[in-house]
Amino acid sequence: MWQFIVRLILRNRISILVIIGLLTVFMAYKGSGIKMTYEMARMLPKNDSINVEYEKFKEQFGQDGSVIFVAIQDPDLYTLKHFTDWYELSNSVNDIYGVEEVVSTARLYNLQRNDEKKKFDFKPIVNKKPESQAQVDSIKNIVYGLPLYSGRLFNPETNVSMMMITLDKEVLNSKKRIALISNIKDHIDEYGKKYDIDIKYSGLPYIRTVTSKVIQDELLYFVLLSLFITSVLLLILFRSVRAVAFSMLVVVIAVIWVLGTIVLFGYKITILTGILPPLLIVIGVENSIFLLNKYLSEYRDHGNKARALSRMISRIGNANLLTNATTATGFAAFIITSNSLLVEFGIIASINILVTYLLSLILLPILFSFFPSPKKKHLKHLEKSTISKIIDRITIIVLTKRKLVYAITIVLFIGGIIGITQLKTTGNIVDDISKKSKLYKDLIFLESNFKGVMPLEITVDTKKKNGILSLSTIKKLDQLQDTLALYPEFSPPVSVVEVIKAAKQAFYRGNTKMYQLPNSQEKNFILSYVPDIESNNKSVLNSFVNDDLSKTRITVQMANIGTNDVERILADLKPKVNSIFPPDRYDVQLTGTSVVFLKGTNYLVKNLFSSLLLAIIVITALMAIIFSSFRMILISLIPNIIPQVLTAGMMGYFGISIKPSTILIFSIALGISVDNTIHFLSRYRLHLKHTNWKIKESILAALHETSYSMIYSALVLFFGFFIFTLSSFGGTEALGYLVSFTLVVALLSNIFVLPSLLLSFDNKLLTKSFRQAKHHVFDEEEDVEIDKLVSEELKDID
């Protein structure tokens with residue numbers, strides 16, 4: 001088979017280059033239309049009960065996470081100059097396209113009793129720009145006399161006031177969102193600059209927009225940085241500008257293809273697919289290292305360029321096929337999660353890893369065939385270099401100090417197991433935002449003054465028309481709100497109860513003491529003043545009840561707490577809710593973004609564990625194809641399980657929780673780290689055949705032959721992944737640290753532990769099935785066949 005592939009590649013060089021060139025132009029054209037995703041990632045399947053309930057909620061009451069919270073701490077807010085500017089700012093922001101409503105202390109509505117119409121008028125407190133300090137003082141007295149807004153819109157103890165900006169859903173989930181948020185921020189920042197006030201921004205729309213913009217900026221930054229770092233490393237290792245240029249050309253084409261593939265599949269750039277271009281650069285360079293080392297070592301041995309190119313394809317192409325297949329498997333395992341974010345990531349990653357393999361296998365031999373043979377300086381790294389001295393030292397340790405290798409490995413492994421026992425599973429909505437960023441600090445500021453900005457919704461279905469207006473139901477809602485007030489993680493709730501209390505206060509001409517539920521005699525009379533919900537006029541009830549008044553919502557803003565805390569609170573709250581609203585008479589649901597995120601995180605972690613297990617099974621099956629020996633498969637898994645255990649242990653020791661952004665690291669690292677094992681064992685079996693099954697000689701030959709590429713690729717992979725530590729996202733940063741650590745441990749396991757195990761178990765591993773493997777596709781072609789091919793068809797390359 002490989003003779004045919006060698007002939008196909010090297011005898012059709014021009015045609016292949018033209019085809020790849022045209023396809024790359026097409027992919028570049030498609031990739032130029034790539035878009036960022038602006039919608040909240042759906043973590044649960046569409047038919048999941050939690051997701052279904054949330055979709056029902058949005059259909060009835062609108063999207064819950066559509067409010068931007070802007071906070072200022074201004075002790076002089078209620079001076080004439082400051083307040084008039086705050087008033088003008090509130091109204092100018094309200095006029096921005098994409099803004100549905102603005103609520104602030106300068107733009108508030110209040111119920112006013114209209115005895116003539118026997119109705120409440122829903123009117124603005126500030127209906128025009130104040131012209132005197134007396135007017136501002138009067139406005140302050142009215143605002144501070146409305147308990148409905150205290151603790152929700154302003155904190156009188158800290159002089160912090162908030163502006164709540166509700167955004168249009170269509171604009172919010174489109175590219176226009178970036179311009180909208182930027183426009184809003186520019187308006188508000190002018191106020192901050194004028195009065196030297198640090199404006200605080202938060203809320204899901206703002207957080208999502210900022211993170212999306214950072215993803216977009218980091219994508220280009222990491223692509224350029226990974227290209228630079230890998231170029232420098234290749235230049236240091238191979239001392240050849242040509243080798244660097246050709247390798248970079250391959251990975252640049254791979255990046256173009258991945259962007260084109262994303263568009264062809266109808267996907268958009270997400271926080272996960274955003275790391276694929278730099279990730280493929282690293283993987284593509286690793287492929288190039290193995291191919292380049294084989295080409296140069298072959299040319300050093302016999303000086304025949306054509307033969308070196310053909311063996312570069314046949315001898316490394318087969319091993320690289322399996323290594324890339326295992327890497328692709330590690331990513332493809334995400335497809336079973338049923339999470340759209342991870343499914344897209346798994347599909348695009350697995351396809352393009354194999355595409356990158358094909359590009360490197362085809363382009364590098366063709367490009368080198370058009371240029372002169374390597375010079376002596378390009379072969380120096382294969383002689384007595386620093387790397388060769390390191391390899392010699394490794395050989396001595398493997399031969400003479402295997403007990404020490406085992407002792408260190410066992411101690412570290414036990415330490416890893418102990419660390420794993422300290423692992424915790426948690427996460428929160430803004431878990432991946434750096435705690436050093438202004439975005440996170442602003443969130444904490446709002447939590448300290450208003451308890452939080454993360455939406456939690458409770459829906460109550462009375463199953464009766466006008467059931468919400470029953471006094472017994474209203475009292476039950478008030479009882480539930482009192483229960484919610486016992487949790488320090490919750491802000492004061494907002495519901496129809498607060499509207500009814502405010503209605504009673506308005507009925508009694510604004511008397512603050514009357515901010516309470518009406519009694520049975522007052523209830524019908526006061527509620528008759530409330531405007532009908534069917535009217536087109538702005539009504540205080542519209543946002544809280546459905547059309548037939550059978551269903552209502554209680555809105556709570558929650559602190560940015562972890563999923564464990566959310567689960568604890570919800571588990572504690574559920575029986576209390578049931579005691580207030582018997583399930584046989586009422587249907588009460590806890591929903592909203594916070595609940596969906598909690599359930600989605602638990603669902604995702606569970607499925608990611610399944611995908612990791614699947615990846616291990618599939619990779620083991622691939623190993624079985626090449627080695628056909630159960631004992632050898634077990635031996636091959638040991639150096640790849642050790643890195644996983646030590647990485648998990650390190651996470652436990654350093655308090656890095658198991659969450660969606662960290663658990664996917666294990667599948668990625670497993671798929672990449674197993675590459676070294678495959679390369680080593682495939683060369684080991686080949687040398688066994690060439691040395692008439694002399695184990696020690698074959699192990700040392702395989703170690704010397706593969707160590708150069710293993711060390712070189714480990715260096716590139718380490719620095720290639722380590723650049724992700726510069727990310728402002730916690731998950732991407734953790735990916736950089738943890739995968740880099742895993743790959744270093746995997747390298748040490750494969751060059752110390754694996755050969756030591758092979759030497760220790762000796763003939764016990766050489767089973768008949770290993771000697772007589774059924775699958776020879778990954779074995780080398782006989783030299784006589786290659787030589788014949790070279791002499792007959794490839795003379796023009798020399």
# chains A, B, ... in the order shown; residues from 1 in each chain; ligands from 1
call {"tool": "residues_around", "arguments": {"residues": "A:Asn127", "least_positions_apart": "4", "cutoff": "10 Å", "atoms": "only C-alpha atoms", "output": "JSON list (two decimals) with N, CA and C atoms, in the first residue's frame"}}
result
[["chain", "number", "residue", "atom", "x", "y", "z"],
["A", 106, "ALA", "N", -32.99, 58.08, 37.93],
["A", 106, "ALA", "CA", -33.45, 59.26, 37.18],
["A", 106, "ALA", "C", -34.48, 58.87, 36.13],
["A", 107, "ARG", "N", -34.71, 57.59, 35.99],
["A", 107, "ARG", "CA", -35.71, 57.13, 35.01],
["A", 107, "ARG", "C", -36.52, 56.00, 35.64],
["A", 108, "LEU", "N", -37.39, 56.38, 36.58],
["A", 108, "LEU", "CA", -38.18, 55.42, 37.34],
["A", 108, "LEU", "C", -39.66, 55.67, 37.12],
["A", 109, "TYR", "N", -40.41, 54.60, 37.22],
["A", 109, "TYR", "CA", -41.87, 54.72, 37.13],
["A", 109, "TYR", "C", -42.49, 54.46, 38.50],
["A", 123, "LYS", "N", -46.62, 56.31, 35.86],
["A", 123, "LYS", "CA", -45.96, 57.51, 35.33],
["A", 123, "LYS", "C", -44.51, 57.60, 35.81]]
call {"tool": "select_by_dssp", "arguments": {"residues": "stretch 276-490 of chain A", "states": "alpha helix (DSSP H)", "output": "JSON, numbers by chain"}}
result
{"A": [276, 277, 278, 279, 280, 281, 282, 283, 284, 285, 286, 287, 288, 289, 290, 291, 292, 293, 294, 295, 296, 297, 298, 299, 300, 301, 302, 305, 306, 307, 308, 309, 310, 311, 312, 313, 314, 315, 316, 317, 318, 319, 320, 321, 322, 323, 324, 325, 326, 327, 328, 329, 330, 331, 332, 340, 341, 342, 343, 344, 345, 346, 347, 348, 349, 350, 351, 352, 353, 354, 355, 356, 357, 358, 359, 360, 361, 362, 363, 364, 365, 366, 367, 368, 369, 386, 387, 388, 389, 390, 391, 392, 393, 394, 395, 396, 397, 398, 399, 400, 402, 403, 404, 405, 406, 407, 408, 409, 410, 411, 412, 413, 414, 415, 416, 417, 418, 419, 420, 438, 439, 440, 441, 442, 443, 444, 445, 446, 447, 448, 449, 450, 471, 472, 473, 474, 475, 476, 477, 478, 479, 480, 481, 482, 483, 484]}
call {"tool": "closest_residue", "arguments": {"among": "A:Leu22, A:Ile672, A:Ala624, A:Ile665", "to": "A:Glu286", "atoms": "only C-alpha atoms"}}
result
A:Ile672
call {"tool": "closest_residue", "arguments": {"among": "A:Ile625, A:Ser520, A:Val499, A:Tyr586", "to": "A:Lys464", "atoms": "only C-alpha atoms"}}
result
A:Tyr586
call {"tool": "residues_around", "arguments": {"residues": "A:Tyr87", "least_positions_apart": "6", "cutoff": "12 Å", "atoms": "only C-alpha atoms", "output": "list of chain:residue names"}}
result
A:Leu77, A:Tyr78, A:Thr79, A:Leu80, A:Lys81, A:Val93, A:Asn94, A:Val102, A:Val103, A:Ser104, A:Thr105, A:Ala106, A:Arg107, A:Leu108, A:Pro124, A:Ile125, A:Val126, A:Asn127, A:Lys128, A:Lys129, A:Pro130, A:Glu131, A:Val136, A:Ile139, A:Met163, A:Ile188, A:Tyr191
call {"tool": "residues_around", "arguments": {"residues": "A:Phe581", "least_positions_apart": "2", "cutoff": "9 Å", "atoms": "only C-alpha atoms", "output": "mmCIF file with C-alpha atoms, in the first residue's frame"}}
result
data_model
loop_
_atom_site.group_PDB
_atom_site.id
_atom_site.type_symbol
_atom_site.label_atom_id
_atom_site.label_comp_id
_atom_site.auth_asym_id
_atom_site.auth_seq_id
_atom_site.Cartn_x
_atom_site.Cartn_y
_atom_site.Cartn_z
ATOM 1 C CA VAL A 460 -45.843 29.379 39.914
ATOM 2 C CA THR A 473 -52.067 32.716 46.428
ATOM 3 C CA LYS A 476 -48.264 32.133 49.579
ATOM 4 C CA LEU A 477 -46.080 34.070 47.128
ATOM 5 C CA LEU A 480 -42.092 32.122 49.482
ATOM 6 C CA LYS A 576 -39.849 24.449 51.445
ATOM 7 C CA VAL A 577 -41.476 25.448 48.176
ATOM 8 C CA ASN A 578 -43.581 22.271 48.198
ATOM 9 C CA SER A 579 -44.732 22.957 51.745
ATOM 10 C CA PRO A 583 -47.580 19.966 44.218
ATOM 11 C CA ASP A 584 -51.094 18.514 43.735
ATOM 12 C CA ARG A 585 -52.538 22.038 43.423
ATOM 13 C CA TYR A 586 -49.671 24.119 42.070
ATOM 14 C CA ASP A 587 -46.894 23.576 39.562
ATOM 15 C CA VAL A 588 -43.780 25.387 40.772
#
call {"tool": "closest_residue", "arguments": {"among": "A:Asn318, A:Thr261, A:Asn155, A:Gln557", "to": "A:Leu204", "atoms": "only C-alpha atoms"}}
result
A:Gln557
call {"tool": "atom_distance", "arguments": {"atom1": "atom CA of A:Gly467", "atom2": "atom CA of A:Asn546"}}
result
11.0 Å
call {"tool": "residues_around", "arguments": {"residues": "A:Asp115", "least_positions_apart": "4", "cutoff": "12 Å", "atoms": "only C-alpha atoms", "output": "ChimeraX atom specification"}}
result
/A:119-121,506-509,526,528-529
call {"tool": "write_last_selection", "arguments": {"atoms": "C-alpha atoms", "output": "PDB file, in the first residue's frame"}}
result
ATOM      1  CA  LYS A 119     -57.132  53.538  38.070  1.00  0.00           C
ATOM      2  CA  PHE A 120     -53.458  53.784  38.871  1.00  0.00           C
ATOM      3  CA  ASP A 121     -51.411  55.808  36.425  1.00  0.00           C
ATOM      4  CA  ALA A 506     -49.914  54.213  46.002  1.00  0.00           C
ATOM      5  CA  PHE A 507     -53.555  53.848  47.048  1.00  0.00           C
ATOM      6  CA  TYR A 508     -52.640  55.452  50.369  1.00  0.00           C
ATOM      7  CA  ARG A 509     -50.930  58.377  48.598  1.00  0.00           C
ATOM      8  CA  ILE A 526     -57.068  48.237  45.337  1.00  0.00           C
ATOM      9  CA  SER A 528     -59.391  47.254  40.600  1.00  0.00           C
ATOM     10  CA  TYR A 529     -57.139  50.292  40.193  1.00  0.00           C
TER      11      TYR A 529
END
call {"tool": "residues_around", "arguments": {"residues": "stretch 734-742 of chain A", "least_positions_apart": "4", "cutoff": "8 Å", "atoms": "only C-alpha atoms", "output": "short mmCIF file (atom, residue, chain, number, x, y, z; two decimals) with C-alpha atoms, in the first residue's frame"}}
result
data_model
loop_
_atom_site.label_atom_id
_atom_site.label_comp_id
_atom_site.auth_asym_id
_atom_site.auth_seq_id
_atom_site.Cartn_x
_atom_site.Cartn_y
_atom_site.Cartn_z
CA PRO A 643 0.30 11.35 33.12
CA GLN A 644 -3.48 11.36 33.49
CA LEU A 646 -0.53 12.84 37.99
CA THR A 647 -2.40 15.65 36.23
CA SER A 661 -13.32 23.56 30.89
CA THR A 662 -10.85 21.26 32.70
CA ILE A 665 -8.09 18.36 28.99
CA PHE A 666 -7.78 14.65 29.74
CA ILE A 668 -7.04 16.00 24.52
CA ALA A 669 -3.87 15.05 26.41
CA SER A 673 0.48 11.75 24.58
CA LEU A 717 3.94 20.70 22.14
CA PHE A 718 4.93 22.02 25.57
CA PHE A 719 5.54 25.56 24.39
CA PHE A 721 0.20 24.57 24.67
CA PHE A 722 1.92 26.74 27.26
CA ILE A 723 1.06 29.88 25.28
CA PHE A 724 -2.56 29.26 26.30
CA THR A 725 -1.56 30.20 29.86
CA GLY A 730 -9.52 30.47 33.21
CA ALA A 746 4.02 11.55 29.12
#
call {"tool": "atom_distance", "arguments": {"atom1": "atom CA of A:Val343", "atom2": "atom CA of A:Asp675"}}
result
23.5 Å
call {"tool": "closest_residue", "arguments": {"among": "A:Lys463, A:Arg683, A:Lys169, A:Lys504", "to": "A:Asp64", "atoms": "only C-alpha atoms"}}
result
A:Lys169
call {"tool": "residues_around", "arguments": {"residues": "A:Asn352", "least_positions_apart": "5", "cutoff": "8 Å", "atoms": "only C-alpha atoms", "output": "PDB file with C-alpha atoms, in the first residue's frame"}}
result
ATOM      1  CA  ALA A 254      -4.161  23.737   7.921  1.00  0.00           C
ATOM      2  CA  TRP A 257      -8.758  24.742   6.129  1.00  0.00           C
ATOM      3  CA  VAL A 258     -10.034  24.618   9.716  1.00  0.00           C
ATOM      4  CA  LEU A 280      -3.571  22.506  14.829  1.00  0.00           C
TER       5      LEU A 280
END
call {"tool": "select_by_dssp", "arguments": {"residues": "stretch 244-473 of chain A", "states": "strand (DSSP E or B)", "output": "PDB file with N, CA, C and O atoms, in the first residue's frame"}}
result
ATOM      1  N   ILE A 269     -17.461  30.568  15.469  1.00  0.00           N
ATOM      2  CA  ILE A 269     -16.343  30.531  16.415  1.00  0.00           C
ATOM      3  C   ILE A 269     -16.888  30.615  17.837  1.00  0.00           C
ATOM      4  O   ILE A 269     -17.630  31.531  18.187  1.00  0.00           O
ATOM      5  N   THR A 425     -15.878  18.730  42.084  1.00  0.00           N
ATOM      6  CA  THR A 425     -16.590  19.058  40.848  1.00  0.00           C
ATOM      7  C   THR A 425     -17.443  20.285  41.090  1.00  0.00           C
ATOM      8  O   THR A 425     -18.361  20.258  41.906  1.00  0.00           O
ATOM      9  N   ILE A 433     -13.597  33.480  33.714  1.00  0.00           N
ATOM     10  CA  ILE A 433     -13.119  34.864  33.687  1.00  0.00           C
ATOM     11  C   ILE A 433     -12.030  35.043  34.741  1.00  0.00           C
ATOM     12  O   ILE A 433     -12.187  34.626  35.880  1.00  0.00           O
ATOM     13  N   MET A 454     -26.813  37.277  38.680  1.00  0.00           N
ATOM     14  CA  MET A 454     -27.126  36.066  37.931  1.00  0.00           C
ATOM     15  C   MET A 454     -28.598  35.696  38.119  1.00  0.00           C
ATOM     16  O   MET A 454     -29.063  35.541  39.252  1.00  0.00           O
ATOM     17  N   PRO A 455     -29.342  35.530  37.019  1.00  0.00           N
ATOM     18  CA  PRO A 455     -30.797  35.365  37.139  1.00  0.00           C
ATOM     19  C   PRO A 455     -31.231  33.970  37.598  1.00  0.00           C
ATOM     20  O   PRO A 455     -30.744  32.956  37.122  1.00  0.00           O
ATOM     21  N   LEU A 456     -32.126  33.955  38.563  1.00  0.00           N
ATOM     22  CA  LEU A 456     -32.820  32.749  38.999  1.00  0.00           C
ATOM     23  C   LEU A 456     -34.310  33.052  38.938  1.00  0.00           C
ATOM     24  O   LEU A 456     -34.757  34.072  39.472  1.00  0.00           O
ATOM     25  N   GLU A 457     -35.060  32.197  38.287  1.00  0.00           N
ATOM     26  CA  GLU A 457     -36.496  32.428  38.114  1.00  0.00           C
ATOM     27  C   GLU A 457     -37.292  31.296  38.754  1.00  0.00           C
ATOM     28  O   GLU A 457     -36.917  30.126  38.660  1.00  0.00           O
ATOM     29  N   ILE A 458     -38.388  31.674  39.390  1.00  0.00           N
ATOM     30  CA  ILE A 458     -39.324  30.697  39.954  1.00  0.00           C
ATOM     31  C   ILE A 458     -40.686  30.974  39.339  1.00  0.00           C
ATOM     32  O   ILE A 458     -41.203  32.098  39.431  1.00  0.00           O
ATOM     33  N   THR A 459     -41.253  29.983  38.694  1.00  0.00           N
ATOM     34  CA  THR A 459     -42.582  30.151  38.105  1.00  0.00           C
ATOM     35  C   THR A 459     -43.611  29.384  38.939  1.00  0.00           C
ATOM     36  O   THR A 459     -43.340  28.272  39.395  1.00  0.00           O
ATOM     37  N   VAL A 460     -44.754  29.993  39.148  1.00  0.00           N
ATOM     38  CA  VAL A 460     -45.843  29.379  39.914  1.00  0.00           C
ATOM     39  C   VAL A 460     -47.081  29.324  39.028  1.00  0.00           C
ATOM     40  O   VAL A 460     -47.580  30.366  38.588  1.00  0.00           O
ATOM     41  N   ASP A 461     -47.544  28.115  38.767  1.00  0.00           N
ATOM     42  CA  ASP A 461     -48.744  27.906  37.943  1.00  0.00           C
ATOM     43  C   ASP A 461     -49.884  27.465  38.864  1.00  0.00           C
ATOM     44  O   ASP A 461     -49.837  26.395  39.468  1.00  0.00           O
TER      45      ASP A 461
END
call {"tool": "closest_residue", "arguments": {"among": "A:Asn141, A:Thr591, A:Thr409, A:Ser373", "to": "A:Val52", "atoms": "only C-alpha atoms"}}
result
A:Thr591
call {"tool": "atom_distance", "arguments": {"atom1": "atom CA of A:Val70", "atom2": "atom CA of A:Asn560"}}
result
16.7 Å
call {"tool": "closest_residue", "arguments": {"among": "A:Glu170, A:Glu218, A:Asp137, A:Asp431", "to": "A:Ser66", "atoms": "only C-alpha atoms"}}
result
A:Glu170
